[in-house]
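Participant: First, the structure itself, so that you have it in front of you.
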Amino acid sequence: MQDVVRLALPFDKKELKTLKVGDRVLLTGEMLVFRDAGHKRLYQSIQEGKQAFEYAGETIYFMGPCPARDGEVLGSAGPTTSCRMDKYTPYMLDHGLCAQIGKGKRSDDCIQAFKRNGGVYFAAIGGAGAVYSKCIEAAEVICFEDLGTEAVRRIKVKDFPAVVAIDTQGNTIYNE
Amino acid sequence: MIKIDTSVIAKRIGESIDKISCEIEPSCLAALNEAYSKEDNPTAKFALQVMTDNARLATAEHRPVCQDTGMVVVFVEIGNNVILTGEVLQKAIDREVEKAYVTLRKSVLDPVSRINTKTNTPAVVHTSIVEGDDVKVEVMLKGFGSENMSKIYMLNPAQGLDEAKRLIVESVRTAASNPCPPVIIGVGLGGTFEKAASMSKHALFRKIGSSNPDPVLDALEKELFDKLNALGIGAQGFGGKTSCLGIFIESYPTHISSLPVAINVLCHCSRADAFVIDGKKEGEICRTL
């Protein structure tokens with residue numbers, strides 16, 4: 001793969017500023033993983049005044065894995081459609097979330113929130129579950145274990161391929 | 001009459017699930033490889049490279065192509081000379097689905113409580129009675145990133161085919177990056193509300209590159225295929241030459257008051273299989289289509 005930018009997580013916000021829409025990246029480091037049900041429950045916990053876990057400074061990957069097979073840390077592990085998490089995203093970016101990884105376009109409110117907070121939205125490659133499974137070096141459930149595939153996990157990845165889909169200037173790769 | 005035990009059908013469905021969860025349907029994979037070779041948008045090409053690498057890796061190591069191993073959709077055509085013996089078909093199929101999904105993601109839950117069934121059952125099983133001595137089965141693992149982008153319209157006759165065409169293009173345009181393009185589109189034209197929807201799903205079993213046996217629908221497919229690829233959505237919505245790998249239309253007579261149009265969206269990794277259980281044969285009675 002040519003012209004790929006290697007980046008370490010957790011992100012340095014200054015480094016995020018140098019990224020431009022369409023940049024191809026390989027990510028290495030730790031991120032949080034959860035999707036629809038995890039967001040719904042986290043949001044509820046915040047509304048009730050007892051936030052279930054901290055996400056400030058983190059990157060969230062929208063994903064629900066397959067069970068692990070022999071030799072795997074997690075099973076297939078590609079991104080899910082991000083727009084279902086749009087409802088929660090501006091609040092989370094305003095409260096310290098650094099970046100998100102998923103697939104597909106985002107709402108205007110989200111784009112503004114990425115811009116306002118200097119955050120970045122990365123598109124992982126949908127359907128590439130086996131490739132992403134190979135990038136995962138460690139994984140543990142940190143909250144809402146009862147949600148099964150939708151539980152909140154912390155994972156450690158190496159050379160995780162993605163594309164900058166919304167940059168800190170609020171530019172987006174998806175032409176509407 | 002010919003007797004076929006439902007466990008024979010169900011076991012073969014279980015084998016299909018194990019295979020297709022890890023292998024993209026061959027005509028779809030060929031189309032994806034072709035899209036990669038002709039793409040010159042660098043971001044889309046990067047996506048197509050990861051997608052085709054993924055397909056090779058998944059097949060070689062027998063790991064699920066996509067973590068969304070879907071809901072199981074089965075179409076069963078039962079010959080009118082066949083009697084199904086043993087368990088009720090749905091129950092037999094669900095038993096094998098449960099076994100096959102031990103190592104796959106269990107995504108099926110109750111729509112009201114949202115409590116997971118933990119087995120990926122029930123499967124969605126469509127049965128029909130046709131002439132003949134055998135049972136034809138088509139199996140698909142349908143992911144919901146694309147399923148969520150599907151649409152159905154009940155048009156009036158004055159709106160006609162032109163409006164149907166416009167809505168098909170519009171639905172792909174607005175789905176954009178969400179259903180993991182390049183997409184495959186199934187269209188059900190006519191019938192009733194539910195007939196249109198089921199035809200649009202069944203159409204997705206056609207092989208990419210195959211012609212529609214109806215020349216009028218074939219021309220319509222070609223016209224829409226060009227329009228969809230002119231949208232410029234590209235792989236993963238990153239722009240580029242290939243937005244659609246195939247569009248397949250099934251039709252059925254409809255009512256004088258209506259033109260139902262169902263549009264079922266499938267992602268770039270079709271996971272489908274088809275086979276026939278031949279009731280008259282001894283020994284090896286199963287033939288892959």
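Residues in the structure tokens are named by chain (A, B, ... in the order shown) and by number from 1 within that chain; ligands are numbered from 1 in the order shown.
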Select residues of chain B: the criterion is any atom within 6 Å of an atom of chain A, counting only C-alpha atoms; output as number ranges by chain.

Facilitator: B: 51, 54, 58, 64-67, 103-105, 177-178, 180

Participant: Atoms to include: N, CA and C atoms. Write the selected residues as a CSV table (one decimal), in the first residue's frame.

Facilitator:
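Resulting contents of part.csv:
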```
chain,number,residue,atom,x,y,z
B,51,MET,N,-10.8,-4.9,0.6
B,51,MET,CA,-11.9,-5.8,0.4
B,51,MET,C,-11.5,-7.1,-0.3
B,54,ASN,N,-9.3,-9.2,2.0
B,54,ASN,CA,-10.1,-9.8,3.0
B,54,ASN,C,-10.8,-11.0,2.5
B,58,ALA,N,-10.2,-14.6,4.2
B,58,ALA,CA,-11.4,-15.3,4.8
B,58,ALA,C,-11.5,-16.7,4.3
B,64,PRO,N,-15.0,-15.8,9.0
B,64,PRO,CA,-16.1,-15.0,8.4
B,64,PRO,C,-15.6,-13.8,7.7
B,65,VAL,N,-16.1,-13.6,6.5
B,65,VAL,CA,-15.8,-12.5,5.6
B,65,VAL,C,-16.1,-11.2,6.3
B,66,CYS,N,-17.3,-11.2,6.9
B,66,CYS,CA,-17.8,-10.0,7.6
B,66,CYS,C,-18.3,-10.4,9.0
B,67,GLN,N,-18.1,-9.5,10.0
B,67,GLN,CA,-18.5,-9.8,11.3
B,67,GLN,C,-20.0,-9.9,11.4
B,103,THR,N,-19.9,-20.5,16.1
B,103,THR,CA,-18.7,-19.7,15.8
B,103,THR,C,-19.0,-18.4,15.0
B,104,LEU,N,-20.2,-18.1,14.8
B,104,LEU,CA,-20.6,-16.9,14.0
B,104,LEU,C,-21.3,-15.9,15.0
B,105,ARG,N,-21.4,-14.7,14.5
B,105,ARG,CA,-22.1,-13.7,15.4
B,105,ARG,C,-23.6,-13.9,15.4
B,177,SER,N,-22.9,5.6,1.1
B,177,SER,CA,-21.8,4.9,1.7
B,177,SER,C,-22.3,3.8,2.7
B,178,ASN,N,-23.5,3.9,3.2
B,178,ASN,CA,-24.0,3.1,4.3
B,178,ASN,C,-24.0,1.6,4.0
B,180,CYS,N,-22.2,-0.5,2.4
B,180,CYS,CA,-20.9,-1.1,2.0
B,180,CYS,C,-20.9,-1.3,0.5
```

Participant: Give me, as a PyMOL selection string, the residues of range 10-150 of chain A that a backbone DSSP run labels strand (DSSP E).

Facilitator: chain A and resi 24-33+59-61+99-102+120-123+136-143

Participant: For the residues selected in the previous step, produce a file with N, CA and C atoms as a PDB file, in the first residue's frame.

Facilitator:
```pdb
ATOM      1  N   ARG A  24      -4.973   7.870   3.717  1.00  0.00           N
ATOM      2  CA  ARG A  24      -5.054   6.456   4.122  1.00  0.00           C
ATOM      3  C   ARG A  24      -4.120   6.255   5.305  1.00  0.00           C
ATOM      4  N   VAL A  25      -4.625   5.610   6.343  1.00  0.00           N
ATOM      5  CA  VAL A  25      -3.844   5.492   7.569  1.00  0.00           C
ATOM      6  C   VAL A  25      -3.776   4.041   8.040  1.00  0.00           C
ATOM      7  N   LEU A  26      -2.737   3.758   8.831  1.00  0.00           N
ATOM      8  CA  LEU A  26      -2.654   2.488   9.553  1.00  0.00           C
ATOM      9  C   LEU A  26      -2.534   2.857  11.027  1.00  0.00           C
ATOM     10  N   LEU A  27      -3.482   2.415  11.830  1.00  0.00           N
ATOM     11  CA  LEU A  27      -3.550   2.809  13.230  1.00  0.00           C
ATOM     12  C   LEU A  27      -2.970   1.708  14.120  1.00  0.00           C
ATOM     13  N   THR A  28      -2.194   2.131  15.117  1.00  0.00           N
ATOM     14  CA  THR A  28      -1.628   1.178  16.076  1.00  0.00           C
ATOM     15  C   THR A  28      -1.820   1.722  17.485  1.00  0.00           C
ATOM     16  N   GLY A  29      -2.386   0.892  18.368  1.00  0.00           N
ATOM     17  CA  GLY A  29      -2.589   1.313  19.753  1.00  0.00           C
ATOM     18  C   GLY A  29      -3.940   0.853  20.279  1.00  0.00           C
ATOM     19  N   GLU A  30      -4.441   1.558  21.304  1.00  0.00           N
ATOM     20  CA  GLU A  30      -5.666   1.108  21.979  1.00  0.00           C
ATOM     21  C   GLU A  30      -6.875   1.951  21.588  1.00  0.00           C
ATOM     22  N   MET A  31      -8.007   1.292  21.499  1.00  0.00           N
ATOM     23  CA  MET A  31      -9.267   1.995  21.247  1.00  0.00           C
ATOM     24  C   MET A  31     -10.395   1.282  21.982  1.00  0.00           C
ATOM     25  N   LEU A  32     -11.507   2.020  22.164  1.00  0.00           N
ATOM     26  CA  LEU A  32     -12.702   1.415  22.727  1.00  0.00           C
ATOM     27  C   LEU A  32     -13.564   0.899  21.586  1.00  0.00           C
ATOM     28  N   VAL A  33     -14.309  -0.160  21.841  1.00  0.00           N
ATOM     29  CA  VAL A  33     -15.199  -0.738  20.835  1.00  0.00           C
ATOM     30  C   VAL A  33     -16.594  -0.871  21.424  1.00  0.00           C
ATOM     31  N   THR A  59     -10.639   6.889  21.419  1.00  0.00           N
ATOM     32  CA  THR A  59     -11.189   6.694  20.076  1.00  0.00           C
ATOM     33  C   THR A  59     -12.163   5.528  20.167  1.00  0.00           C
ATOM     34  N   ILE A  60     -13.344   5.707  19.581  1.00  0.00           N
ATOM     35  CA  ILE A  60     -14.337   4.631  19.610  1.00  0.00           C
ATOM     36  C   ILE A  60     -14.480   4.023  18.219  1.00  0.00           C
ATOM     37  N   TYR A  61     -14.412   2.694  18.182  1.00  0.00           N
ATOM     38  CA  TYR A  61     -14.612   1.927  16.953  1.00  0.00           C
ATOM     39  C   TYR A  61     -15.984   1.274  17.044  1.00  0.00           C
ATOM     40  N   ALA A  99     -11.870  10.721  18.677  1.00  0.00           N
ATOM     41  CA  ALA A  99     -12.089  10.268  17.298  1.00  0.00           C
ATOM     42  C   ALA A  99     -13.048   9.081  17.280  1.00  0.00           C
ATOM     43  N   GLN A 100     -13.623   8.839  16.118  1.00  0.00           N
ATOM     44  CA  GLN A 100     -14.482   7.670  15.923  1.00  0.00           C
ATOM     45  C   GLN A 100     -14.058   6.947  14.657  1.00  0.00           C
ATOM     46  N   ILE A 101     -14.331   5.640  14.658  1.00  0.00           N
ATOM     47  CA  ILE A 101     -14.053   4.819  13.481  1.00  0.00           C
ATOM     48  C   ILE A 101     -15.306   4.003  13.188  1.00  0.00           C
ATOM     49  N   GLY A 102     -15.768   4.062  11.945  1.00  0.00           N
ATOM     50  CA  GLY A 102     -16.938   3.272  11.559  1.00  0.00           C
ATOM     51  C   GLY A 102     -16.987   3.184  10.060  1.00  0.00           C
ATOM     52  N   VAL A 120     -11.607  13.687  14.618  1.00  0.00           N
ATOM     53  CA  VAL A 120     -11.533  13.066  13.290  1.00  0.00           C
ATOM     54  C   VAL A 120     -12.425  11.823  13.258  1.00  0.00           C
ATOM     55  N   TYR A 121     -13.085  11.641  12.118  1.00  0.00           N
ATOM     56  CA  TYR A 121     -13.855  10.421  11.869  1.00  0.00           C
ATOM     57  C   TYR A 121     -13.144   9.615  10.785  1.00  0.00           C
ATOM     58  N   PHE A 122     -12.782   8.389  11.150  1.00  0.00           N
ATOM     59  CA  PHE A 122     -12.118   7.496  10.199  1.00  0.00           C
ATOM     60  C   PHE A 122     -13.127   6.484   9.667  1.00  0.00           C
ATOM     61  N   ALA A 123     -13.055   6.209   8.364  1.00  0.00           N
ATOM     62  CA  ALA A 123     -13.847   5.119   7.799  1.00  0.00           C
ATOM     63  C   ALA A 123     -12.961   3.887   7.714  1.00  0.00           C
ATOM     64  N   ILE A 136      -6.041  -7.240  15.454  1.00  0.00           N
ATOM     65  CA  ILE A 136      -6.314  -7.109  16.887  1.00  0.00           C
ATOM     66  C   ILE A 136      -5.362  -7.987  17.699  1.00  0.00           C
ATOM     67  N   GLU A 137      -4.606  -7.324  18.589  1.00  0.00           N
ATOM     68  CA  GLU A 137      -3.608  -8.058  19.380  1.00  0.00           C
ATOM     69  C   GLU A 137      -4.091  -8.396  20.777  1.00  0.00           C
ATOM     70  N   ALA A 138      -5.045  -7.628  21.276  1.00  0.00           N
ATOM     71  CA  ALA A 138      -5.588  -7.894  22.620  1.00  0.00           C
ATOM     72  C   ALA A 138      -6.985  -7.313  22.696  1.00  0.00           C
ATOM     73  N   ALA A 139      -7.815  -7.920  23.538  1.00  0.00           N
ATOM     74  CA  ALA A 139      -9.180  -7.413  23.714  1.00  0.00           C
ATOM     75  C   ALA A 139      -9.687  -7.818  25.078  1.00  0.00           C
ATOM     76  N   GLU A 140     -10.397  -6.881  25.741  1.00  0.00           N
ATOM     77  CA  GLU A 140     -11.077  -7.246  26.982  1.00  0.00           C
ATOM     78  C   GLU A 140     -12.386  -6.482  27.085  1.00  0.00           C
ATOM     79  N   VAL A 141     -13.377  -7.149  27.680  1.00  0.00           N
ATOM     80  CA  VAL A 141     -14.652  -6.479  27.913  1.00  0.00           C
ATOM     81  C   VAL A 141     -14.479  -5.592  29.137  1.00  0.00           C
ATOM     82  N   ILE A 142     -14.860  -4.301  29.006  1.00  0.00           N
ATOM     83  CA  ILE A 142     -14.710  -3.418  30.166  1.00  0.00           C
ATOM     84  C   ILE A 142     -16.047  -2.980  30.762  1.00  0.00           C
ATOM     85  N   CYS A 143     -17.143  -3.187  30.052  1.00  0.00           N
ATOM     86  CA  CYS A 143     -18.449  -2.773  30.591  1.00  0.00           C
ATOM     87  C   CYS A 143     -19.580  -3.474  29.823  1.00  0.00           C
TER      88      CYS A 143
END
```

Participant: Record the distance separating CA of Glu98 in chain B and CA of Ala123 in chain B, expressed in Å with one decimal.

Facilitator: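 The value is 9.6 Å.
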
Participant: Would you compute the distance between CA of Ile256 in chain B and CA of Asn212 in chain B? Give it in Å to one decimal.

Facilitator: 24.9 Å

Participant: Mind checking which residues fall within 12 Å of Ser211 in chain B, counting only C-alpha atoms, ignoring those fewer than 3 positions away in the same chain, and posting them as an MDAnalysis selection string?

Facilitator: chainID B and resid 206:208 214:222 246:249

Participant: Measuring between only C-alpha atoms, which one of B:Met199, B:Ala272, B:Leu224, B:Glu194 shows the shortest distance to Asp18 in chain B?

Facilitator: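 Selected residue with least distance to Asp18 in chain B: B:Ala272.
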
Participant: What separation in Å, quoted to one decimal, exists between CA of Cys28 in chain B and CA of Cys286 in chain B?

Facilitator: 23.5 Å

Participant: Name all residues at most 7 Å from Ala44 in chain B (count only C-alpha atoms; drop same-chain ones fewer than 5 positions away) and give them as a ChimeraX atom specification.

Facilitator: /B:234-235,238-240

Participant: Could you name the residues that touch Asp133 in chain B at 6 Å or less, counting only C-alpha atoms, but leaving out those on the same chain fewer than 4 positions away, as a list in words?

Facilitator: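 Everything that qualifies: Gly79, Asn81, Val82 and Gly279 of chain B.
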
Participant: Give me a file of those residues, with C-alpha atoms, as a PDB file, in the first residue's frame.

Facilitator:
```
ATOM      1  CA  GLY B  79     -41.808 -30.286  -5.780  1.00  0.00           C
ATOM      2  CA  ASN B  81     -44.505 -34.964  -5.784  1.00  0.00           C
ATOM      3  CA  VAL B  82     -42.460 -34.602  -2.612  1.00  0.00           C
ATOM      4  CA  GLY B 279     -35.856 -37.020  -4.535  1.00  0.00           C
TER       5      GLY B 279
END
```

Participant: Using only C-alpha atoms, find the one residue out of A:Phe53, A:Gln47, A:Val21, A:Val5 that sits nearest to Arg153 in chain A.

Facilitator: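 Checking each candidate against Arg153 in chain A, we get A:Phe53 as the closest.
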
Participant: From a backbone DSSP assignment, name each residue in range 187-256 of chain B labelled alpha helix (DSSP H), as a list in words.

Facilitator: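 Result set for range 187-256 of chain B (alpha helix (DSSP H)): Phe193, Glu194, Lys195, Ala196, Ala197, Ser198, Met199, Ser200, Lys201, His202, Pro215, Val216, Leu217, Asp218, Ala219, Leu220, Glu221, Lys222, Glu223, Leu224, Phe225, Asp226, Lys227, Leu228 and Asn229 of chain B.
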